[in-house]
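Structure below is work_17.cif: mmCIF, C-alpha atoms.
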```cif
data_my_file
#
loop_
_atom_site.label_atom_id
_atom_site.label_comp_id
_atom_site.auth_asym_id
_atom_site.auth_seq_id
_atom_site.Cartn_x
_atom_site.Cartn_y
_atom_site.Cartn_z
CA MET I 1 8.30 140.67 -37.45
CA SER I 2 11.18 142.85 -36.24
CA ILE I 3 11.64 142.98 -32.47
CA LEU I 4 14.70 145.25 -32.60
CA GLU I 5 15.38 148.05 -35.08
CA VAL I 6 18.69 149.92 -34.99
CA THR I 7 18.91 152.99 -37.22
CA HIS I 8 21.90 155.29 -37.89
CA LEU I 9 23.38 154.65 -34.46
CA GLN I 10 26.42 156.78 -33.70
CA LYS I 11 28.46 157.15 -30.53
CA ILE I 12 31.22 159.69 -30.00
CA TYR I 13 33.09 159.84 -26.70
CA THR I 14 35.00 162.88 -25.49
CA THR I 15 38.11 161.99 -23.52
CA ARG I 16 38.47 163.43 -20.03
CA PHE I 17 41.84 165.02 -20.69
CA GLY I 18 42.48 167.07 -23.79
CA GLY I 19 38.90 166.94 -25.04
CA ASN I 20 39.75 164.55 -27.87
CA GLN I 21 36.83 162.82 -29.55
CA VAL I 22 36.72 159.07 -30.18
CA GLN I 23 34.10 157.68 -32.53
CA ALA I 24 33.08 154.24 -31.26
CA LEU I 25 30.08 153.85 -33.61
CA SER I 26 29.69 155.72 -36.87
CA ASP I 27 26.48 154.52 -38.57
CA VAL I 28 25.06 151.20 -37.36
CA ASN I 29 21.90 149.87 -39.03
CA PHE I 30 20.27 146.45 -38.62
CA THR I 31 17.11 144.70 -37.48
CA VAL I 32 16.55 141.54 -35.44
CA GLU I 33 13.48 139.43 -36.10
CA ASN I 34 11.42 137.90 -33.32
CA GLY I 35 12.91 134.47 -32.52
CA GLU I 36 16.26 135.11 -34.21
CA PHE I 37 19.65 134.19 -32.77
CA VAL I 38 22.08 136.87 -33.94
CA ALA I 39 25.81 136.94 -33.24
CA ILE I 40 27.88 140.12 -33.49
CA MET I 41 31.59 139.80 -34.23
CA GLY I 42 34.43 142.25 -34.75
CA GLU I 43 37.96 143.06 -33.68
CA SER I 44 38.67 144.77 -30.36
CA GLY I 45 37.80 148.44 -30.70
CA SER I 46 35.30 147.83 -33.51
CA GLY I 47 32.36 149.07 -31.40
CA LYS I 48 30.75 145.79 -30.31
CA THR I 49 30.74 146.56 -26.58
CA THR I 50 29.53 150.12 -27.13
CA LEU I 51 26.68 148.81 -29.27
CA LEU I 52 25.70 146.25 -26.62
CA ASN I 53 25.75 148.90 -23.88
CA ILE I 54 23.40 151.11 -25.90
CA LEU I 55 21.04 148.20 -26.60
CA ALA I 56 21.08 147.39 -22.88
CA ALA I 57 20.21 151.04 -22.16
CA PHE I 58 23.40 151.40 -20.12
CA ASP I 59 24.60 154.13 -22.47
CA LYS I 60 23.02 156.61 -24.85
CA PRO I 61 24.07 157.21 -28.46
CA THR I 62 25.21 160.53 -29.87
CA ARG I 63 22.76 160.06 -32.72
CA GLY I 64 20.29 157.47 -34.02
CA GLU I 65 17.69 155.14 -32.52
CA ALA I 66 17.32 151.63 -31.16
CA LEU I 67 13.70 150.48 -30.97
CA LEU I 68 12.66 147.39 -28.98
CA ASN I 69 9.12 146.53 -30.06
CA GLY I 70 8.68 150.16 -31.02
CA LYS I 71 10.00 151.56 -27.72
CA ASN I 72 13.00 153.84 -28.17
CA LEU I 73 15.74 152.52 -25.86
CA THR I 74 17.63 155.77 -26.22
CA GLY I 75 14.77 157.92 -24.95
CA ILE I 76 13.79 156.15 -21.73
CA SER I 77 14.07 158.35 -18.64
CA GLU I 78 16.44 157.47 -15.81
CA LYS I 79 13.41 157.00 -13.57
CA GLU I 80 11.94 154.30 -15.84
CA ILE I 81 15.08 152.59 -17.07
CA SER I 82 15.57 149.96 -14.34
CA ALA I 83 11.98 148.74 -14.55
CA PHE I 84 12.15 148.70 -18.36
CA ARG I 85 15.28 146.55 -18.38
CA ARG I 86 13.82 144.18 -15.80
CA GLU I 87 10.59 143.74 -17.77
CA ASN I 88 12.02 143.48 -21.29
CA LEU I 89 15.71 142.59 -21.31
CA SER I 90 17.88 139.92 -19.76
CA PHE I 91 21.64 139.57 -19.72
CA VAL I 92 24.19 136.76 -19.78
CA PHE I 93 27.74 137.90 -19.00
CA GLN I 94 31.15 136.29 -19.34
CA ASP I 95 31.81 136.55 -15.59
CA PHE I 96 28.32 135.24 -14.62
CA ASN I 97 27.54 138.18 -12.25
CA LEU I 98 26.35 135.86 -9.48
CA LEU I 99 26.43 136.93 -5.83
CA ASP I 100 28.48 134.55 -3.67
CA THR I 101 26.40 135.33 -0.57
CA PHE I 102 23.21 134.18 -2.34
CA SER I 103 22.31 130.59 -3.18
CA ILE I 104 21.91 129.67 -6.85
CA ARG I 105 18.13 129.77 -6.32
CA ASP I 106 18.22 133.26 -4.81
CA ASN I 107 20.54 134.53 -7.57
CA ILE I 108 18.01 133.35 -10.14
CA PHE I 109 15.13 134.87 -8.18
CA LEU I 110 16.79 138.28 -7.84
CA PRO I 111 15.11 140.05 -10.82
CA LEU I 112 11.71 138.70 -9.70
CA VAL I 113 12.32 139.87 -6.13
CA LEU I 114 13.11 143.34 -7.47
CA ALA I 115 9.86 143.19 -9.45
CA GLY I 116 7.91 142.38 -6.28
CA GLN I 117 6.75 138.85 -7.15
CA ASN I 118 5.68 136.49 -4.36
CA TYR I 119 7.78 133.44 -3.50
CA SER I 120 5.32 130.74 -4.58
CA LYS I 121 5.00 132.29 -8.03
CA MET I 122 8.79 132.47 -8.33
CA GLU I 123 9.14 128.80 -7.40
CA LYS I 124 6.53 127.85 -9.98
CA SER I 125 8.39 129.82 -12.67
CA LEU I 126 11.76 128.32 -11.74
CA ALA I 127 10.88 124.61 -11.70
CA PRO I 128 10.59 123.99 -15.49
CA ILE I 129 13.57 126.25 -16.28
CA ALA I 130 15.82 124.52 -13.74
CA GLN I 131 14.81 121.13 -15.08
CA LYS I 132 15.51 122.16 -18.70
CA LEU I 133 18.93 123.55 -17.77
CA GLY I 134 19.85 120.63 -15.54
CA ILE I 135 20.44 122.68 -12.37
CA THR I 136 17.61 121.49 -10.10
CA GLU I 137 20.05 119.64 -7.83
CA ILE I 138 22.33 122.64 -7.27
CA LEU I 139 19.70 125.31 -6.49
CA SER I 140 20.53 125.29 -2.76
CA LYS I 141 24.28 125.54 -3.34
CA TYR I 142 26.30 128.74 -3.56
CA PRO I 143 28.21 129.95 -6.64
CA TYR I 144 31.60 129.10 -5.11
CA GLU I 145 30.42 125.48 -4.68
CA VAL I 146 29.64 124.80 -8.36
CA SER I 147 31.55 124.65 -11.65
CA GLY I 148 31.89 127.42 -14.22
CA GLY I 149 29.47 125.65 -16.53
CA GLN I 150 26.89 125.35 -13.75
CA LYS I 151 27.32 129.04 -12.91
CA GLN I 152 26.64 129.95 -16.53
CA ARG I 153 23.53 127.74 -16.54
CA ALA I 154 22.35 129.58 -13.43
CA ALA I 155 22.98 132.89 -15.21
CA ILE I 156 20.90 131.68 -18.16
CA ALA I 157 18.12 130.61 -15.78
CA ARG I 158 18.15 134.09 -14.25
CA ALA I 159 17.89 135.55 -17.76
CA LEU I 160 15.01 133.29 -18.75
CA ILE I 161 12.90 133.55 -15.60
CA THR I 162 11.64 137.05 -16.45
CA ASN I 163 10.42 135.87 -19.88
CA PRO I 164 12.32 138.69 -21.62
CA GLN I 165 11.70 140.15 -25.06
CA LEU I 166 15.43 139.91 -25.78
CA ILE I 167 18.47 138.23 -24.21
CA LEU I 168 21.73 140.14 -24.60
CA ALA I 169 24.80 137.93 -24.18
CA ASP I 170 28.29 139.39 -23.79
CA GLU I 171 31.04 136.82 -24.51
CA PRO I 172 29.03 134.12 -22.67
CA THR I 173 31.57 131.36 -23.37
CA GLY I 174 34.66 133.44 -22.52
CA ALA I 175 35.20 131.97 -19.05
CA LEU I 176 34.30 128.36 -19.88
CA ASP I 177 36.33 125.32 -20.88
CA SER I 178 35.57 123.54 -24.15
CA ARG I 179 33.12 121.03 -22.65
CA ALA I 180 31.14 123.70 -20.79
CA THR I 181 31.23 125.88 -23.92
CA ASP I 182 29.68 123.12 -26.02
CA ALA I 183 26.96 122.57 -23.41
CA LEU I 184 26.18 126.29 -23.18
CA LEU I 185 25.95 126.75 -26.94
CA GLN I 186 23.61 123.77 -27.19
CA LEU I 187 21.45 125.38 -24.49
CA PHE I 188 21.36 128.64 -26.41
CA SER I 189 20.26 126.75 -29.52
CA THR I 190 17.57 124.96 -27.53
CA ILE I 191 16.08 128.09 -25.95
CA ASN I 192 16.26 129.85 -29.31
CA ASN I 193 14.37 126.96 -30.90
CA ASP I 194 11.76 127.48 -28.17
CA GLY I 195 11.27 131.01 -29.52
CA GLN I 196 13.64 133.13 -27.40
CA THR I 197 15.33 136.00 -29.26
CA ILE I 198 19.08 136.23 -28.55
CA LEU I 199 21.69 138.83 -29.47
CA MET I 200 25.21 137.69 -28.63
CA VAL I 201 28.50 139.59 -28.83
CA THR I 202 31.43 137.20 -29.21
CA HIS I 203 35.01 136.81 -30.41
CA SER I 204 34.47 133.06 -30.72
CA VAL I 205 33.89 131.64 -34.20
CA LYS I 206 32.58 128.49 -32.54
CA ALA I 207 29.98 130.44 -30.55
CA ALA I 208 28.92 132.47 -33.59
CA SER I 209 28.50 129.30 -35.65
CA HIS I 210 25.44 128.42 -33.51
CA ALA I 211 23.61 131.61 -34.52
CA SER I 212 21.12 131.99 -37.34
CA ARG I 213 22.83 135.18 -38.54
CA VAL I 214 26.23 136.77 -37.95
CA LEU I 215 26.85 140.53 -38.14
CA PHE I 216 30.42 141.76 -38.53
CA ILE I 217 31.25 145.19 -37.07
CA LYS I 218 34.18 147.13 -38.48
CA ASP I 219 35.09 150.79 -37.96
CA GLY I 220 31.87 151.43 -36.05
CA GLU I 221 29.36 150.05 -38.54
CA VAL I 222 27.89 146.79 -39.80
CA PHE I 223 30.39 145.83 -42.47
CA HIS I 224 29.11 142.41 -43.53
CA GLN I 225 26.60 139.73 -42.52
CA LEU I 226 26.09 136.03 -43.03
CA TYR I 227 22.86 134.04 -42.88
CA ARG I 228 22.94 130.41 -41.81
CA GLY I 229 20.52 129.18 -44.45
CA ASP I 230 20.81 125.38 -44.55
CA ASP I 231 24.37 125.33 -43.22
CA THR I 232 25.41 123.01 -40.43
CA ASN I 233 27.35 124.53 -37.54
CA GLN I 234 30.54 123.23 -39.11
CA ALA I 235 29.77 124.77 -42.50
CA LEU I 236 28.85 128.11 -40.94
CA TYR I 237 32.03 127.98 -38.83
CA GLN I 238 34.07 127.75 -42.03
CA ARG I 239 32.17 130.59 -43.70
CA ILE I 240 32.66 132.81 -40.63
CA SER I 241 36.40 132.02 -40.56
CA ASP I 242 36.72 132.77 -44.27
CA THR I 243 34.78 136.03 -43.87
CA LEU I 244 36.97 137.21 -40.98
CA THR I 245 40.06 136.56 -43.13
CA LEU I 246 38.53 138.53 -46.02
CA ILE I 247 37.55 141.43 -43.76
CA GLN I 248 41.03 141.63 -42.30
CA SER I 249 42.42 141.81 -45.82
CA GLY I 250 40.00 144.60 -46.79
CA GLY I 251 37.33 142.63 -48.65
CA ALA I 252 33.90 141.02 -48.08
CA ARG I 253 31.70 144.09 -47.63
CA ASN I 254 27.98 143.43 -48.36
CA ALA I 255 26.07 145.33 -45.65
#
```
In structure tokens, what does this structure look like?
Amino acid sequence: MSILEVTHLQKIYTTRFGGNQVQALSDVNFTVENGEFVAIMGESGSGKTTLLNILAAFDKPTRGEALLNGKNLTGISEKEISAFRRENLSFVFQDFNLLDTFSIRDNIFLPLVLAGQNYSKMEKSLAPIAQKLGITEILSKYPYEVSGGQKQRAAIARALITNPQLILADEPTGALDSRATDALLQLFSTINNDGQTILMVTHSVKAASHASRVLFIKDGEVFHQLYRGDDTNQALYQRISDTLTLIQSGGARNA
């Protein structure tokens, strides 16, 4: 069953000076199935960030639709948008987006506080997530007191605690060292195996090799895609690397 349907998505920006038009997305089409882990790759300027911003309802397309469980993300009113994001989407960013004046616990609780939940219910929701992510012992600490890997785990906990329809991850391993990257990617695989749908934008072949499907964006559209099938992470890593080389040389189109 498709949880996300993207159809003929186009985005054209008009520059402030001179009125020049820049086409960030030309004709993007794809679906994401419930429980999938999809990675999106592409060179800088290919449209990845623009696509993610539209799917997060931070931006609106010039043309086309993005449906999350049948709800058109591009047609939600400004009055409803914050509540819709809070109830259906969660985000994991490269720079963690944690508030230094809040404890790790309070950072995780923030979307539930905004939704008006009571404290005892929040604590009950947090306990199993914190245990799974290995952050129970740092909940009372502040972001500046913990490592980058622990910050990213806290960011994932904040994303999971609302039980979202879809997690959108923007370069989630970009600020991590290799050990923390490995731990984070294993966590993503674990929560995906538990049924969580994830859409991740990344430049990292290693990060993409943990996904069940990889979409390649070029010139504002889905240019190619790979399915994991029975591949190991190492085998998919090699296929992704080979595909990126082919795309850069002008080949490999199948989407």
Exercise for the section: Can you give me, as a PyMOL selection string, the residues this file yields under the PyMOL selection byres ((chain I and resi 40) around 6)? Expected result: chain I and resi 39+41+201+214-216
Problem - Answer as a PyMOL selection string, residues within 12 Å of (9.1, 145.5, -35.2) using all atoms listed in the file - result: chain I and resi 1-6+30-35+66-72+165
Handout entry: Residue list as a PyMOL selection string for point (22.8, 129.7, -32.1), cut-off 9 Å, only C-alpha atoms
Key = chain I and resi 36-39+185-190+192-193+198+207-213+233
Practice task
Can you work out the spacing between CA of Leu168 (chain I) and CA of Ile156 (chain I) in Å, to one decimal?
Solution key: 10.7 Å
Practice task
Go ahead and compute the interatomic distance for CA of Glu87 (chain I) and CA of Pro164 (chain I), in Å to one decimal.
Solution key: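 CA of Glu87 (chain I) sits 6.6 Å away from CA of Pro164 (chain I).
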Practice task
For the file shown, report as a list in words the outcome of the PyMOL selection byres ((chain I and resi 98) around 8) at residue level.
Solution key: Phe96, Asn97, Leu99, Asp100, Phe102, Asn107, Pro143, Lys151 and Ala155 of chain I
Return the padded bounding box of region 2-15 of chain I as AutoDock Vina command-line options: axis-aligned, built from all atoms listed in the file, 6 Å added on each side, with centre and edge lengths in Å to one decimal.
```
--center_x 24.6 --center_y 152.9 --center_z -30.7 --size_x 38.9 --size_y 32.0 --size_z 26.4
```
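Taking CA of Glu65 (chain I) and CA of Ser90 (chain I) as the two end points, the separation is 19.9 Å.
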Starting from the PyMOL selection byres ((chain I and resi 148) around 12), expand the selection into actual residues of this file and give them as an mmCIF file with C-alpha atoms, keeping the file's coordinate frame.
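The result, written out as selection.cif:
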```cif
data_model
loop_
_atom_site.group_PDB
_atom_site.id
_atom_site.type_symbol
_atom_site.label_atom_id
_atom_site.label_comp_id
_atom_site.auth_asym_id
_atom_site.auth_seq_id
_atom_site.Cartn_x
_atom_site.Cartn_y
_atom_site.Cartn_z
ATOM 1 C CA GLN I 94 31.150 136.290 -19.340
ATOM 2 C CA ASP I 95 31.810 136.550 -15.590
ATOM 3 C CA PHE I 96 28.320 135.240 -14.620
ATOM 4 C CA ASN I 97 27.540 138.180 -12.250
ATOM 5 C CA LEU I 98 26.350 135.860 -9.480
ATOM 6 C CA PRO I 143 28.210 129.950 -6.640
ATOM 7 C CA TYR I 144 31.600 129.100 -5.110
ATOM 8 C CA GLU I 145 30.420 125.480 -4.680
ATOM 9 C CA VAL I 146 29.640 124.800 -8.360
ATOM 10 C CA SER I 147 31.550 124.650 -11.650
ATOM 11 C CA GLY I 149 29.470 125.650 -16.530
ATOM 12 C CA GLN I 150 26.890 125.350 -13.750
ATOM 13 C CA LYS I 151 27.320 129.040 -12.910
ATOM 14 C CA GLN I 152 26.640 129.950 -16.530
ATOM 15 C CA ARG I 153 23.530 127.740 -16.540
ATOM 16 C CA ALA I 154 22.350 129.580 -13.430
ATOM 17 C CA ALA I 155 22.980 132.890 -15.210
ATOM 18 C CA PRO I 172 29.030 134.120 -22.670
ATOM 19 C CA THR I 173 31.570 131.360 -23.370
ATOM 20 C CA GLY I 174 34.660 133.440 -22.520
ATOM 21 C CA ALA I 175 35.200 131.970 -19.050
ATOM 22 C CA LEU I 176 34.300 128.360 -19.880
ATOM 23 C CA ASP I 177 36.330 125.320 -20.880
ATOM 24 C CA SER I 178 35.570 123.540 -24.150
ATOM 25 C CA ARG I 179 33.120 121.030 -22.650
ATOM 26 C CA ALA I 180 31.140 123.700 -20.790
ATOM 27 C CA THR I 181 31.230 125.880 -23.920
ATOM 28 C CA ALA I 183 26.960 122.570 -23.410
ATOM 29 C CA LEU I 184 26.180 126.290 -23.180
#
```
Exercise for the section: Compile the contact shell of region 218-220 of chain I as a PyMOL selection string: residues with an atom at most 7 Å away, counting all atoms listed in the file, same-chain residues fewer than 4 positions apart removed. Expected result: chain I and resi 24-28+42+46-47
